[in-house]
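**Q** Enclosed is the structure file work04.txt (compact mmCIF, C-alpha atoms (C1' of nucleotides)).
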# COMPACT_ATOMS: atom_id res chain seq x y z
CA MET Y 1 11.66 52.32 -43.50
CA SER Y 2 13.14 52.76 -40.05
CA GLN Y 3 9.78 53.20 -38.39
CA PRO Y 4 10.44 50.50 -35.81
CA LEU Y 5 13.72 52.15 -34.85
CA GLU Y 6 12.01 55.49 -34.46
CA ASP Y 7 9.36 53.90 -32.29
CA LYS Y 8 12.02 52.26 -30.21
CA ALA Y 9 13.86 55.55 -29.83
CA ARG Y 10 10.69 57.34 -28.74
CA HIS Y 11 9.95 54.59 -26.31
CA MET Y 12 13.42 54.83 -24.80
CA LEU Y 13 12.98 58.57 -24.35
CA LYS Y 14 9.58 58.15 -22.73
CA GLU Y 15 11.02 55.62 -20.33
CA ALA Y 16 13.81 58.01 -19.44
CA ARG Y 17 11.32 60.88 -19.05
CA LEU Y 18 13.04 63.05 -21.58
CA TYR Y 19 11.39 65.35 -24.11
CA CYS Y 20 10.90 63.53 -27.41
CA THR Y 21 12.64 66.12 -29.54
CA GLU Y 22 13.61 65.68 -33.15
CA ALA Y 23 17.30 65.69 -32.32
CA ARG Y 24 17.06 63.11 -29.57
CA VAL Y 25 14.93 60.75 -31.62
CA ALA Y 26 17.25 61.14 -34.60
CA ILE Y 27 20.43 60.55 -32.62
CA LEU Y 28 19.06 57.51 -30.86
CA GLN Y 29 17.98 56.11 -34.20
CA VAL Y 30 21.41 56.70 -35.67
CA LEU Y 31 23.08 54.96 -32.75
CA LEU Y 32 20.63 52.06 -32.87
CA GLU Y 33 21.22 51.69 -36.58
CA ALA Y 34 25.00 51.99 -36.33
CA GLY Y 35 25.32 49.41 -33.60
CA GLY Y 36 28.69 50.76 -32.56
CA PRO Y 37 30.49 53.87 -31.32
CA LEU Y 38 30.22 57.04 -33.39
CA ARG Y 39 31.80 60.47 -33.27
CA GLN Y 40 29.86 63.71 -33.22
CA ASP Y 41 30.53 64.44 -36.88
CA GLN Y 42 29.51 60.95 -37.93
CA ILE Y 43 26.23 61.40 -36.12
CA ALA Y 44 25.65 64.87 -37.51
CA ARG Y 45 26.17 63.72 -41.06
CA TRP Y 46 24.20 60.48 -40.83
CA GLU Y 47 21.64 60.10 -43.60
CA SER Y 48 19.22 62.94 -44.00
CA HIS Y 49 19.47 64.33 -40.52
CA LYS Y 50 21.32 67.61 -40.51
CA LEU Y 51 22.04 68.48 -36.94
CA ASN Y 52 24.17 71.28 -35.65
CA LYS Y 53 27.20 70.05 -33.74
CA VAL Y 54 26.22 71.96 -30.63
CA THR Y 55 22.89 70.18 -30.67
CA VAL Y 56 24.56 66.84 -31.14
CA TYR Y 57 26.86 67.38 -28.17
CA ARG Y 58 24.13 68.70 -25.92
CA THR Y 59 21.78 65.92 -26.92
CA LEU Y 60 24.41 63.28 -26.28
CA ASP Y 61 25.03 64.87 -22.90
CA SER Y 62 21.38 64.60 -21.94
CA LEU Y 63 21.16 61.05 -23.25
CA ALA Y 64 24.29 60.13 -21.31
CA GLU Y 65 22.97 61.71 -18.16
CA ALA Y 66 19.81 59.66 -18.54
CA GLY Y 67 21.89 56.53 -18.96
CA LEU Y 68 20.80 55.77 -22.52
CA VAL Y 69 24.15 56.54 -24.09
CA HIS Y 70 27.70 56.72 -22.85
CA ARG Y 71 31.12 57.93 -23.86
CA ALA Y 72 32.70 54.72 -25.09
CA PHE Y 73 36.27 55.90 -25.57
CA MET Y 74 38.40 58.72 -26.85
CA GLN Y 75 40.48 58.38 -29.96
CA ASN Y 76 42.56 61.17 -31.46
CA ARG Y 77 41.21 63.51 -28.83
CA THR Y 78 37.69 62.78 -30.00
CA TRP Y 79 34.91 61.12 -28.05
CA HIS Y 80 33.05 58.15 -29.47
CA PHE Y 81 29.53 57.58 -28.19
CA GLU Y 82 27.47 54.45 -28.13
CA LEU Y 83 24.25 53.08 -26.68
CA ALA Y 84 24.59 52.03 -23.10
CA ASP Y 85 23.03 48.63 -23.49
CA HIS Y 86 25.28 45.56 -23.52
CA CYS Y 87 27.00 47.05 -20.47
CA SER Y 88 27.03 45.50 -17.07
CA GLU Y 89 26.59 47.81 -14.14
CA ASN Y 90 30.26 48.46 -13.63
CA GLN Y 91 31.92 47.41 -16.82
CA CYS Y 92 31.36 47.88 -20.50
CA HIS Y 93 32.78 45.65 -23.21
CA PRO Y 94 36.42 46.31 -24.16
CA HIS Y 95 37.26 48.24 -27.33
CA PHE Y 96 39.95 47.04 -29.66
CA THR Y 97 41.88 49.51 -31.82
CA CYS Y 98 44.13 48.42 -34.66
CA THR Y 99 47.46 50.20 -34.40
CA ASN Y 100 47.92 49.93 -38.14
CA CYS Y 101 44.65 51.02 -39.74
CA GLY Y 102 43.10 52.73 -36.74
CA VAL Y 103 39.80 50.86 -36.90
CA THR Y 104 38.11 50.33 -33.55
CA ARG Y 105 35.80 47.45 -32.79
CA CYS Y 106 33.64 46.55 -29.79
CA MET Y 107 34.70 43.24 -28.30
CA THR Y 108 31.34 42.36 -26.84
CA ASP Y 109 32.37 38.76 -26.39
CA VAL Y 110 35.50 39.53 -24.39
CA SER Y 111 35.36 40.20 -20.68
CA LEU Y 112 37.79 40.62 -17.84
CA PRO Y 113 37.21 40.18 -14.13
CA MET Y 114 36.93 43.39 -12.13
CA ALA Y 115 40.21 44.55 -10.60
CA LYS Y 116 40.70 44.20 -6.87
CA ILE Y 117 42.12 47.26 -5.19
CA THR Y 118 44.06 46.13 -2.18
CA GLN Y 119 44.66 49.59 -0.73
CA LYS Y 120 42.15 50.62 1.87
CA GLY Y 121 39.51 53.27 1.29
CA TYR Y 122 39.02 53.03 -2.46
CA ILE Y 123 35.57 52.36 -3.84
CA LEU Y 124 35.78 50.99 -7.35
CA SER Y 125 32.64 51.59 -9.37
CA ARG Y 126 33.65 51.25 -12.97
CA GLN Y 127 36.34 49.61 -15.06
CA GLN Y 128 37.25 50.34 -18.66
CA VAL Y 129 39.46 48.25 -20.91
CA ARG Y 130 41.17 49.31 -24.13
CA LEU Y 131 42.91 46.76 -26.33
CA GLU Y 132 45.47 47.45 -29.01
CA GLY Y 133 47.00 45.32 -31.69
CA LEU Y 134 46.39 44.29 -35.27
CA CYS Y 135 43.01 43.54 -36.79
CA PRO Y 136 42.56 40.56 -39.11
CA ALA Y 137 42.90 42.77 -42.18
CA CYS Y 138 46.25 44.22 -41.06
CA ALA Y 139 47.78 41.20 -39.31
CA MET Q 1 70.92 68.26 -5.38
CA SER Q 2 69.34 66.22 -8.16
CA GLN Q 3 72.68 65.31 -9.62
CA PRO Q 4 72.00 61.58 -9.47
CA LEU Q 5 68.70 62.06 -11.30
CA GLU Q 6 70.41 64.08 -13.98
CA ASP Q 7 73.04 61.39 -14.36
CA LYS Q 8 70.35 58.77 -14.60
CA ALA Q 9 68.51 60.78 -17.22
CA ARG Q 10 71.67 61.20 -19.29
CA HIS Q 11 72.39 57.54 -19.00
CA MET Q 12 68.89 56.64 -20.19
CA LEU Q 13 69.30 58.92 -23.20
CA LYS Q 14 72.69 57.43 -24.06
CA GLU Q 15 71.22 53.95 -23.86
CA ALA Q 16 68.41 54.97 -26.17
CA ARG Q 17 70.87 56.64 -28.55
CA LEU Q 18 69.20 60.01 -28.35
CA TYR Q 19 70.87 63.42 -28.30
CA CYS Q 20 71.44 64.53 -24.71
CA THR Q 21 69.73 67.86 -25.07
CA GLU Q 22 68.80 70.17 -22.26
CA ALA Q 23 65.08 69.62 -22.77
CA ARG Q 24 65.31 65.85 -22.82
CA VAL Q 25 67.46 65.69 -19.71
CA ALA Q 26 65.17 68.14 -17.92
CA ILE Q 27 61.96 66.32 -18.83
CA LEU Q 28 63.32 62.93 -17.87
CA GLN Q 29 64.44 64.37 -14.55
CA VAL Q 30 61.02 65.86 -13.92
CA LEU Q 31 59.32 62.57 -14.68
CA LEU Q 32 61.77 60.65 -12.53
CA GLU Q 33 61.21 63.07 -9.69
CA ALA Q 34 57.43 63.14 -10.04
CA GLY Q 35 57.09 59.38 -10.06
CA GLY Q 36 53.69 59.60 -11.74
CA PRO Q 37 51.88 60.86 -14.82
CA LEU Q 38 52.17 64.55 -15.68
CA ARG Q 39 50.58 66.84 -18.23
CA GLN Q 40 52.53 69.01 -20.64
CA ASP Q 41 51.88 72.17 -18.64
CA GLN Q 42 52.92 70.53 -15.38
CA ILE Q 43 56.17 69.48 -16.98
CA ALA Q 44 56.79 72.88 -18.54
CA ARG Q 45 56.30 74.66 -15.22
CA TRP Q 46 58.28 72.25 -13.06
CA GLU Q 47 60.86 74.00 -10.93
CA SER Q 48 63.29 76.21 -12.72
CA HIS Q 49 63.01 74.64 -16.13
CA LYS Q 50 61.17 76.91 -18.50
CA LEU Q 51 60.42 74.95 -21.58
CA ASN Q 52 58.27 75.95 -24.49
CA LYS Q 53 55.21 73.73 -24.87
CA VAL Q 54 56.14 72.79 -28.41
CA THR Q 55 59.47 71.58 -27.11
CA VAL Q 56 57.80 69.62 -24.36
CA TYR Q 57 55.46 67.87 -26.77
CA ARG Q 58 58.16 67.11 -29.30
CA THR Q 59 60.52 65.91 -26.62
CA LEU Q 60 57.89 63.65 -25.12
CA ASP Q 61 57.22 62.30 -28.60
CA SER Q 62 60.85 61.40 -29.11
CA LEU Q 63 61.11 59.88 -25.63
CA ALA Q 64 57.95 57.88 -26.27
CA GLU Q 65 59.23 56.67 -29.60
CA ALA Q 66 62.41 55.52 -27.89
CA GLY Q 67 60.34 53.67 -25.33
CA LEU Q 68 61.47 55.72 -22.33
CA VAL Q 69 58.13 57.40 -21.78
CA HIS Q 70 54.58 56.66 -22.72
CA ARG Q 71 51.17 58.26 -22.87
CA ALA Q 72 49.59 56.95 -19.71
CA PHE Q 73 46.05 58.14 -20.23
CA MET Q 74 43.91 61.02 -21.38
CA GLN Q 75 41.87 63.06 -18.96
CA ASN Q 76 39.80 66.09 -19.94
CA ARG Q 77 41.13 65.79 -23.47
CA THR Q 78 44.67 66.10 -22.15
CA TRP Q 79 47.42 63.52 -22.30
CA HIS Q 80 49.29 62.51 -19.18
CA PHE Q 81 52.80 61.14 -19.67
CA GLU Q 82 54.87 58.92 -17.46
CA LEU Q 83 58.07 56.91 -17.50
CA ALA Q 84 57.69 53.60 -19.20
CA ASP Q 85 59.26 51.53 -16.47
CA HIS Q 86 57.04 49.46 -14.20
CA CYS Q 87 55.28 48.29 -17.36
CA SER Q 88 55.23 44.76 -18.56
CA GLU Q 89 55.68 44.21 -22.26
CA ASN Q 90 52.02 44.34 -23.09
CA GLN Q 91 50.36 45.92 -20.13
CA CYS Q 92 50.93 48.92 -17.93
CA HIS Q 93 49.51 49.34 -14.45
CA PRO Q 94 45.88 50.50 -14.24
CA HIS Q 95 45.06 54.12 -13.46
CA PHE Q 96 42.38 55.01 -10.98
CA THR Q 97 40.47 58.29 -11.26
CA CYS Q 98 38.22 59.59 -8.51
CA THR Q 99 34.90 60.65 -9.97
CA ASN Q 100 34.46 63.16 -7.20
CA CYS Q 101 37.73 65.06 -6.87
CA GLY Q 102 39.28 64.08 -10.20
CA VAL Q 103 42.57 62.89 -8.75
CA THR Q 104 44.25 60.10 -10.68
CA ARG Q 105 46.56 57.54 -9.11
CA CYS Q 106 48.70 54.73 -10.54
CA MET Q 107 47.62 51.38 -9.18
CA THR Q 108 50.96 49.67 -9.56
CA ASP Q 109 49.92 46.87 -7.25
CA VAL Q 110 46.78 45.97 -9.20
CA SER Q 111 46.92 43.76 -12.23
CA LEU Q 112 44.49 42.01 -14.50
CA PRO Q 113 45.05 39.02 -16.76
CA MET Q 114 45.34 39.81 -20.46
CA ALA Q 115 42.07 39.53 -22.35
CA LYS Q 116 41.58 36.59 -24.69
CA ILE Q 117 40.18 37.50 -28.06
CA THR Q 118 38.23 34.55 -29.35
CA GLN Q 119 37.65 35.89 -32.84
CA LYS Q 120 40.16 34.72 -35.39
CA GLY Q 121 42.81 36.96 -36.88
CA TYR Q 122 43.29 39.50 -34.13
CA ILE Q 123 46.74 40.03 -32.66
CA LEU Q 124 46.53 41.61 -29.24
CA SER Q 125 49.66 43.46 -28.26
CA ARG Q 126 48.64 45.84 -25.53
CA GLN Q 127 45.95 46.23 -22.91
CA GLN Q 128 45.05 49.34 -20.94
CA VAL Q 129 42.84 49.51 -17.88
CA ARG Q 130 41.13 52.58 -16.43
CA LEU Q 131 39.41 52.42 -13.08
CA GLU Q 132 36.84 54.85 -11.72
CA GLY Q 133 35.32 55.32 -8.32
CA LEU Q 134 35.95 57.19 -5.10
CA CYS Q 135 39.33 57.75 -3.52
CA PRO Q 136 39.80 57.37 0.25
CA ALA Q 137 39.48 61.13 0.76
CA CYS Q 138 36.14 61.31 -1.04
CA ALA Q 139 34.58 57.99 -0.09
C1' DG R 1 89.30 71.02 -31.77
C1' DA R 2 86.94 73.36 -35.66
C1' DA R 3 83.90 72.68 -39.44
C1' DA R 4 80.11 70.01 -41.32
C1' DA R 5 76.13 67.27 -40.76
C1' DA R 6 72.32 65.94 -38.05
C1' DT R 7 69.05 67.29 -34.75
C1' DC R 8 66.75 70.18 -31.67
C1' DT R 9 64.30 74.50 -29.95
C1' DG R 10 61.28 78.51 -29.78
C1' DC R 11 58.24 81.62 -31.90
C1' DA R 12 54.01 82.67 -34.13
C1' DA R 13 50.27 81.07 -36.34
C1' DC R 14 47.20 77.38 -36.97
C1' DT R 15 43.82 73.27 -36.23
C1' DG R 16 39.86 71.19 -34.62
C1' DA R 17 36.98 69.09 -30.85
C1' DG R 18 34.18 70.65 -27.64
C1' DT R 19 31.80 74.77 -25.02
C1' DT R 20 29.10 79.05 -23.97
C1' DG R 21 25.64 82.88 -24.35
C1' DC R 22 21.64 84.09 -26.21
C1' DA R 23 17.51 84.63 -29.06
C1' DG R 24 14.13 82.15 -31.25
C1' DA R 25 11.86 77.49 -31.92
C1' DT R 26 9.72 73.19 -29.87
C1' DC R 27 7.67 70.36 -26.53
C1' DC R 28 4.63 69.19 -22.85
C1' DT R 29 1.11 70.14 -19.30
C1' DG R 30 -3.12 72.03 -17.58
C1' DC Z 1 -4.23 76.02 -27.15
C1' DA Z 2 -1.87 79.25 -23.84
C1' DG Z 3 2.16 79.48 -21.00
C1' DG Z 4 6.10 77.78 -18.86
C1' DA Z 5 9.81 74.50 -19.41
C1' DT Z 6 13.03 72.89 -22.36
C1' DC Z 7 15.53 72.52 -26.70
C1' DT Z 8 18.07 74.21 -30.96
C1' DG Z 9 21.12 76.87 -33.92
C1' DC Z 10 24.18 80.53 -34.65
C1' DA Z 11 28.40 82.91 -33.82
C1' DA Z 12 32.09 83.40 -31.11
C1' DC Z 13 35.15 81.30 -27.99
C1' DT Z 14 38.53 77.99 -25.45
C1' DC Z 15 42.44 75.39 -25.26
C1' DA Z 16 45.37 71.06 -26.05
C1' DG Z 17 48.12 69.84 -29.41
C1' DT Z 18 50.43 70.70 -34.24
C1' DT Z 19 53.14 72.85 -38.08
C1' DG Z 20 56.60 75.71 -40.66
C1' DC Z 21 60.61 77.84 -40.31
C1' DA Z 22 64.79 80.24 -38.84
C1' DG Z 23 68.23 80.06 -35.61
C1' DA Z 24 70.58 77.33 -31.84
C1' DT Z 25 72.67 72.74 -30.03
C1' DT Z 26 74.60 68.42 -30.27
C1' DT Z 27 77.25 64.94 -32.50
C1' DT Z 28 80.26 63.36 -35.96
C1' DT Z 29 84.01 63.83 -39.11
C1' DC Z 30 88.60 64.91 -40.28
As structure tokens, what does this structure read like?

**A**
Amino acid sequence: MSQPLEDKARHMLKEARLYCTEARVAILQVLLEAGGPLRQDQIARWESHKLNKVTVYRTLDSLAEAGLVHRAFMQNRTWHFELADHCSENQCHPHFTCTNCGVTRCMTDVSLPMAKITQKGYILSRQQVRLEGLCPACA
Amino acid sequence: MSQPLEDKARHMLKEARLYCTEARVAILQVLLEAGGPLRQDQIARWESHKLNKVTVYRTLDSLAEAGLVHRAFMQNRTWHFELADHCSENQCHPHFTCTNCGVTRCMTDVSLPMAKITQKGYILSRQQVRLEGLCPACA
DNA sequence: GAAAAATCTGCAACTGAGTTGCAGATCCTG
DNA sequence: CAGGATCTGCAACTCAGTTGCAGATTTTTC
């Protein structure tokens, strides 16, 4: 059923010159399918894949190092990972978290200009924006 | 020596209608003196105050609830706390972290416009900006 | 100002995300 | 398909932050 996703995942791994291991293919598929940030446990439990948490973390590390995935944000001391597409070179889309229900959403259609650091000597390479408020369901 | 800071701390607590306990006065003093974000262990070890970590966390919670302090950012799965002044109602100053040496600095002179959420139903109440790059020493 | 009520504080034990070492399994290249 | 390079899973660990509870402080009441 998700053959095309698996193919896409394998292709991404080939491009990045990474071993096409079961775990990497599975995790990329899960992230492609989810279309948003996921925690380690959400990935490990997804569908029929049963991956050890150590494997999930190490796999995400290698995918992040290769630039395929990145740590989107931390919530409740837990990292959420997502595919690194839809990101410009130095800025990803903002993430909105509802302070009432806790749901977090990617605001892919919102963007802010890069900050300007006036102090001398700083080299700004990346900017991250978190938004907080009420989601439509809780407002 | 830090009599004025202690007085200021006590005054802040009175204003916020909180008990003037030793721990609260001490922690406010430390944060006033530091002038930037601190971790729990940095606060606990500051000068002659020897506070239990549970006390530090609970005290910071109560100060945060009263609006005197807030969680500035998380680094290495650890919260950094700072005084809540210098913050506008819905946005605090950005924090810059050097990807090389790990140092984090408050960029009080940098500001970004608030994001505009185009999707209906969202109420945006707070925006947080993290910056990454190289500090003058590492650039 | 002392007693009562309301709140803190510290200790010990716990929680849970993320990490490490290592042996055995998989993947790729020649 | 053999052999080296690289993963994977298990068990045990780390460490920031939390919880329950008994005893200590602070504030309020009279």

**Q** Quick one: everything within 8 Å of segment 1-17 of chain Z, counting all atoms listed in the file, minus sequence neighbours fewer than 4 positions away in the same chain. Send it as JSON, numbers by chain.

**A** {"Y": [19, 21, 52, 54, 55], "Q": [77, 78], "R": [19, 20, 25, 26, 27]}

**Q** Ala84 of chain Y: which residues within 12 Å, counting all atoms listed in the file, same-chain residues fewer than 2 positions away excluded, as a list in words?

**A**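 The residues satisfying every condition are Met12, Leu28, Leu31, Leu32, Gly35, Gly36, Pro37, Leu60, Leu63, Ala64, Glu65, Ala66, Gly67, Leu68, Val69, His70, Arg71, Ala72, Phe81, Glu82, His86, Cys87, Ser88, Glu89, Asn90, Gln91, Cys92 and His93 of chain Y.
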
**Q** Mind fitting chain Q onto chain Y over all Cα atoms in sequence order and sending the result as a compact mmCIF listing (two decimals) with C-alpha atoms, in the coordinates of the input?

**A**
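Okay, out16.txt is ready:
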# COMPACT_ATOMS: atom_id res chain seq x y z
CA MET Q 1 11.55 52.16 -43.37
CA SER Q 2 13.10 52.76 -39.96
CA GLN Q 3 9.75 53.19 -38.32
CA PRO Q 4 10.41 50.50 -35.72
CA LEU Q 5 13.70 52.16 -34.78
CA GLU Q 6 11.99 55.49 -34.40
CA ASP Q 7 9.34 53.91 -32.21
CA LYS Q 8 12.01 52.28 -30.13
CA ALA Q 9 13.85 55.56 -29.76
CA ARG Q 10 10.68 57.35 -28.66
CA HIS Q 11 9.94 54.61 -26.22
CA MET Q 12 13.43 54.85 -24.72
CA LEU Q 13 13.02 58.60 -24.29
CA LYS Q 14 9.62 58.20 -22.65
CA GLU Q 15 11.07 55.65 -20.26
CA ALA Q 16 13.87 58.02 -19.38
CA ARG Q 17 11.41 60.90 -18.96
CA LEU Q 18 13.10 63.08 -21.53
CA TYR Q 19 11.45 65.40 -24.04
CA CYS Q 20 10.91 63.57 -27.33
CA THR Q 21 12.64 66.13 -29.47
CA GLU Q 22 13.60 65.69 -33.08
CA ALA Q 23 17.31 65.67 -32.30
CA ARG Q 24 17.05 63.11 -29.54
CA VAL Q 25 14.92 60.75 -31.59
CA ALA Q 26 17.24 61.14 -34.58
CA ILE Q 27 20.43 60.54 -32.60
CA LEU Q 28 19.05 57.51 -30.83
CA GLN Q 29 17.96 56.10 -34.17
CA VAL Q 30 21.39 56.67 -35.65
CA LEU Q 31 23.07 54.95 -32.74
CA LEU Q 32 20.62 52.07 -32.85
CA GLU Q 33 21.21 51.69 -36.56
CA ALA Q 34 24.99 51.99 -36.34
CA GLY Q 35 25.30 49.41 -33.60
CA GLY Q 36 28.69 50.77 -32.57
CA PRO Q 37 30.50 53.87 -31.34
CA LEU Q 38 30.22 57.04 -33.42
CA ARG Q 39 31.81 60.46 -33.30
CA GLN Q 40 29.87 63.71 -33.22
CA ASP Q 41 30.55 64.44 -36.89
CA GLN Q 42 29.51 60.95 -37.96
CA ILE Q 43 26.25 61.38 -36.12
CA ALA Q 44 25.64 64.86 -37.51
CA ARG Q 45 26.16 63.69 -41.08
CA TRP Q 46 24.18 60.46 -40.85
CA GLU Q 47 21.62 60.13 -43.61
CA SER Q 48 19.19 62.95 -43.99
CA HIS Q 49 19.45 64.33 -40.50
CA LYS Q 50 21.29 67.62 -40.49
CA LEU Q 51 22.01 68.49 -36.94
CA ASN Q 52 24.15 71.29 -35.63
CA LYS Q 53 27.19 70.03 -33.74
CA VAL Q 54 26.24 71.94 -30.62
CA THR Q 55 22.91 70.16 -30.67
CA VAL Q 56 24.58 66.82 -31.14
CA TYR Q 57 26.90 67.36 -28.19
CA ARG Q 58 24.18 68.66 -25.92
CA THR Q 59 21.83 65.90 -26.92
CA LEU Q 60 24.45 63.25 -26.30
CA ASP Q 61 25.09 64.83 -22.91
CA SER Q 62 21.45 64.58 -21.94
CA LEU Q 63 21.20 61.02 -23.24
CA ALA Q 64 24.35 60.10 -21.33
CA GLU Q 65 23.04 61.67 -18.17
CA ALA Q 66 19.86 59.64 -18.54
CA GLY Q 67 21.94 56.51 -18.95
CA LEU Q 68 20.83 55.76 -22.52
CA VAL Q 69 24.19 56.52 -24.08
CA HIS Q 70 27.73 56.69 -22.87
CA ARG Q 71 31.15 57.90 -23.90
CA ALA Q 72 32.74 54.71 -25.12
CA PHE Q 73 36.28 55.90 -25.59
CA MET Q 74 38.43 58.72 -26.86
CA GLN Q 75 40.50 58.38 -29.99
CA ASN Q 76 42.58 61.18 -31.49
CA ARG Q 77 41.23 63.52 -28.85
CA THR Q 78 37.70 62.79 -30.01
CA TRP Q 79 34.93 61.11 -28.06
CA HIS Q 80 33.07 58.16 -29.50
CA PHE Q 81 29.55 57.57 -28.20
CA GLU Q 82 27.48 54.44 -28.14
CA LEU Q 83 24.27 53.08 -26.68
CA ALA Q 84 24.62 52.03 -23.11
CA ASP Q 85 23.05 48.62 -23.51
CA HIS Q 86 25.27 45.55 -23.56
CA CYS Q 87 27.00 47.03 -20.52
CA SER Q 88 27.03 45.46 -17.14
CA GLU Q 89 26.55 47.76 -14.19
CA ASN Q 90 30.21 48.45 -13.68
CA GLN Q 91 31.89 47.40 -16.85
CA CYS Q 92 31.35 47.88 -20.55
CA HIS Q 93 32.80 45.65 -23.24
CA PRO Q 94 36.43 46.29 -24.20
CA HIS Q 95 37.28 48.23 -27.35
CA PHE Q 96 39.98 47.05 -29.68
CA THR Q 97 41.91 49.51 -31.85
CA CYS Q 98 44.18 48.42 -34.67
CA THR Q 99 47.50 50.21 -34.40
CA ASN Q 100 47.97 49.94 -38.12
CA CYS Q 101 44.71 51.01 -39.75
CA GLY Q 102 43.14 52.74 -36.76
CA VAL Q 103 39.85 50.87 -36.92
CA THR Q 104 38.14 50.35 -33.59
CA ARG Q 105 35.83 47.44 -32.84
CA CYS Q 106 33.66 46.54 -29.83
CA MET Q 107 34.73 43.24 -28.34
CA THR Q 108 31.37 42.34 -26.87
CA ASP Q 109 32.41 38.73 -26.43
CA VAL Q 110 35.53 39.52 -24.41
CA SER Q 111 35.36 40.19 -20.72
CA LEU Q 112 37.77 40.62 -17.86
CA PRO Q 113 37.18 40.19 -14.15
CA MET Q 114 36.87 43.41 -12.17
CA ALA Q 115 40.13 44.59 -10.63
CA LYS Q 116 40.59 44.25 -6.89
CA ILE Q 117 41.98 47.31 -5.21
CA THR Q 118 43.90 46.21 -2.16
CA GLN Q 119 44.47 49.66 -0.72
CA LYS Q 120 41.94 50.70 1.87
CA GLY Q 121 39.30 53.32 1.25
CA TYR Q 122 38.85 53.09 -2.49
CA ILE Q 123 35.41 52.39 -3.91
CA LEU Q 124 35.65 51.01 -7.42
CA SER Q 125 32.54 51.58 -9.46
CA ARG Q 126 33.59 51.25 -13.05
CA GLN Q 127 36.29 49.62 -15.12
CA GLN Q 128 37.22 50.34 -18.73
CA VAL Q 129 39.45 48.24 -20.94
CA ARG Q 130 41.19 49.31 -24.15
CA LEU Q 131 42.92 46.78 -26.33
CA GLU Q 132 45.51 47.47 -29.01
CA GLY Q 133 47.05 45.33 -31.68
CA LEU Q 134 46.45 44.30 -35.27
CA CYS Q 135 43.09 43.54 -36.79
CA PRO Q 136 42.63 40.55 -39.12
CA ALA Q 137 42.98 42.78 -42.19
CA CYS Q 138 46.31 44.20 -41.05
CA ALA Q 139 47.86 41.22 -39.29

**Q** Quick one: distance from atom CA of Val25 of chain Y to atom CA of Arg10 of chain Y in Å, one decimal?

**A**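 It comes out at 6.2 Å.
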
**Q** Report, in Å to a single decimal, how far apart atom CA of Leu5 of chain Y and atom CA of Arg39 of chain Y are.

**A**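 Spanning atom CA of Arg39 of chain Y to atom CA of Leu5 of chain Y is a straight-line distance of 20.0 Å.
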
**Q** Would you kindly return, as a ChimeraX atom specification, each protein, DNA or RNA residue with an atom no farther than 10 Å from any atom of segment 1-9 of chain R, considering all atoms listed in the file and excluding same-chain residues fewer than 6 positions away?

**A** /Q:18-19,21-24,51-52,54-56,58-59 /Z:23-30

**Q** Could you tell me, as a list in words, which residues have any atom at most 12 Å from (38.8, 61.3, 1.3), counting only C-alpha atoms (C1' of nucleotides)?

**A**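 Neighbouring residues, ordered by chain and number, come to Lys120, Gly121, Tyr122 and Ile123 of chain Y; Cys98, Thr99, Asn100, Cys101, Gly102, Val103, Gly133, Leu134, Cys135, Pro136, Ala137, Cys138 and Ala139 of chain Q.
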
**Q** With distances taken over all atoms listed in the file, which residue among R:DT29, R:DG10, R:DG24, R:DT15 lies nearest chain Q?

**A**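 Among R:DT29, R:DG10, R:DG24, R:DT15, it is R:DG10 that comes nearest to chain Q.
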
**Q** Just the number, please: distance in Å from atom CA of Met107 of chain Q to atom CA of Leu83 of chain Y, one decimal.

**A**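 Computing the Euclidean distance for atom CA of Met107 of chain Q and atom CA of Leu83 of chain Y yields 29.2 Å.
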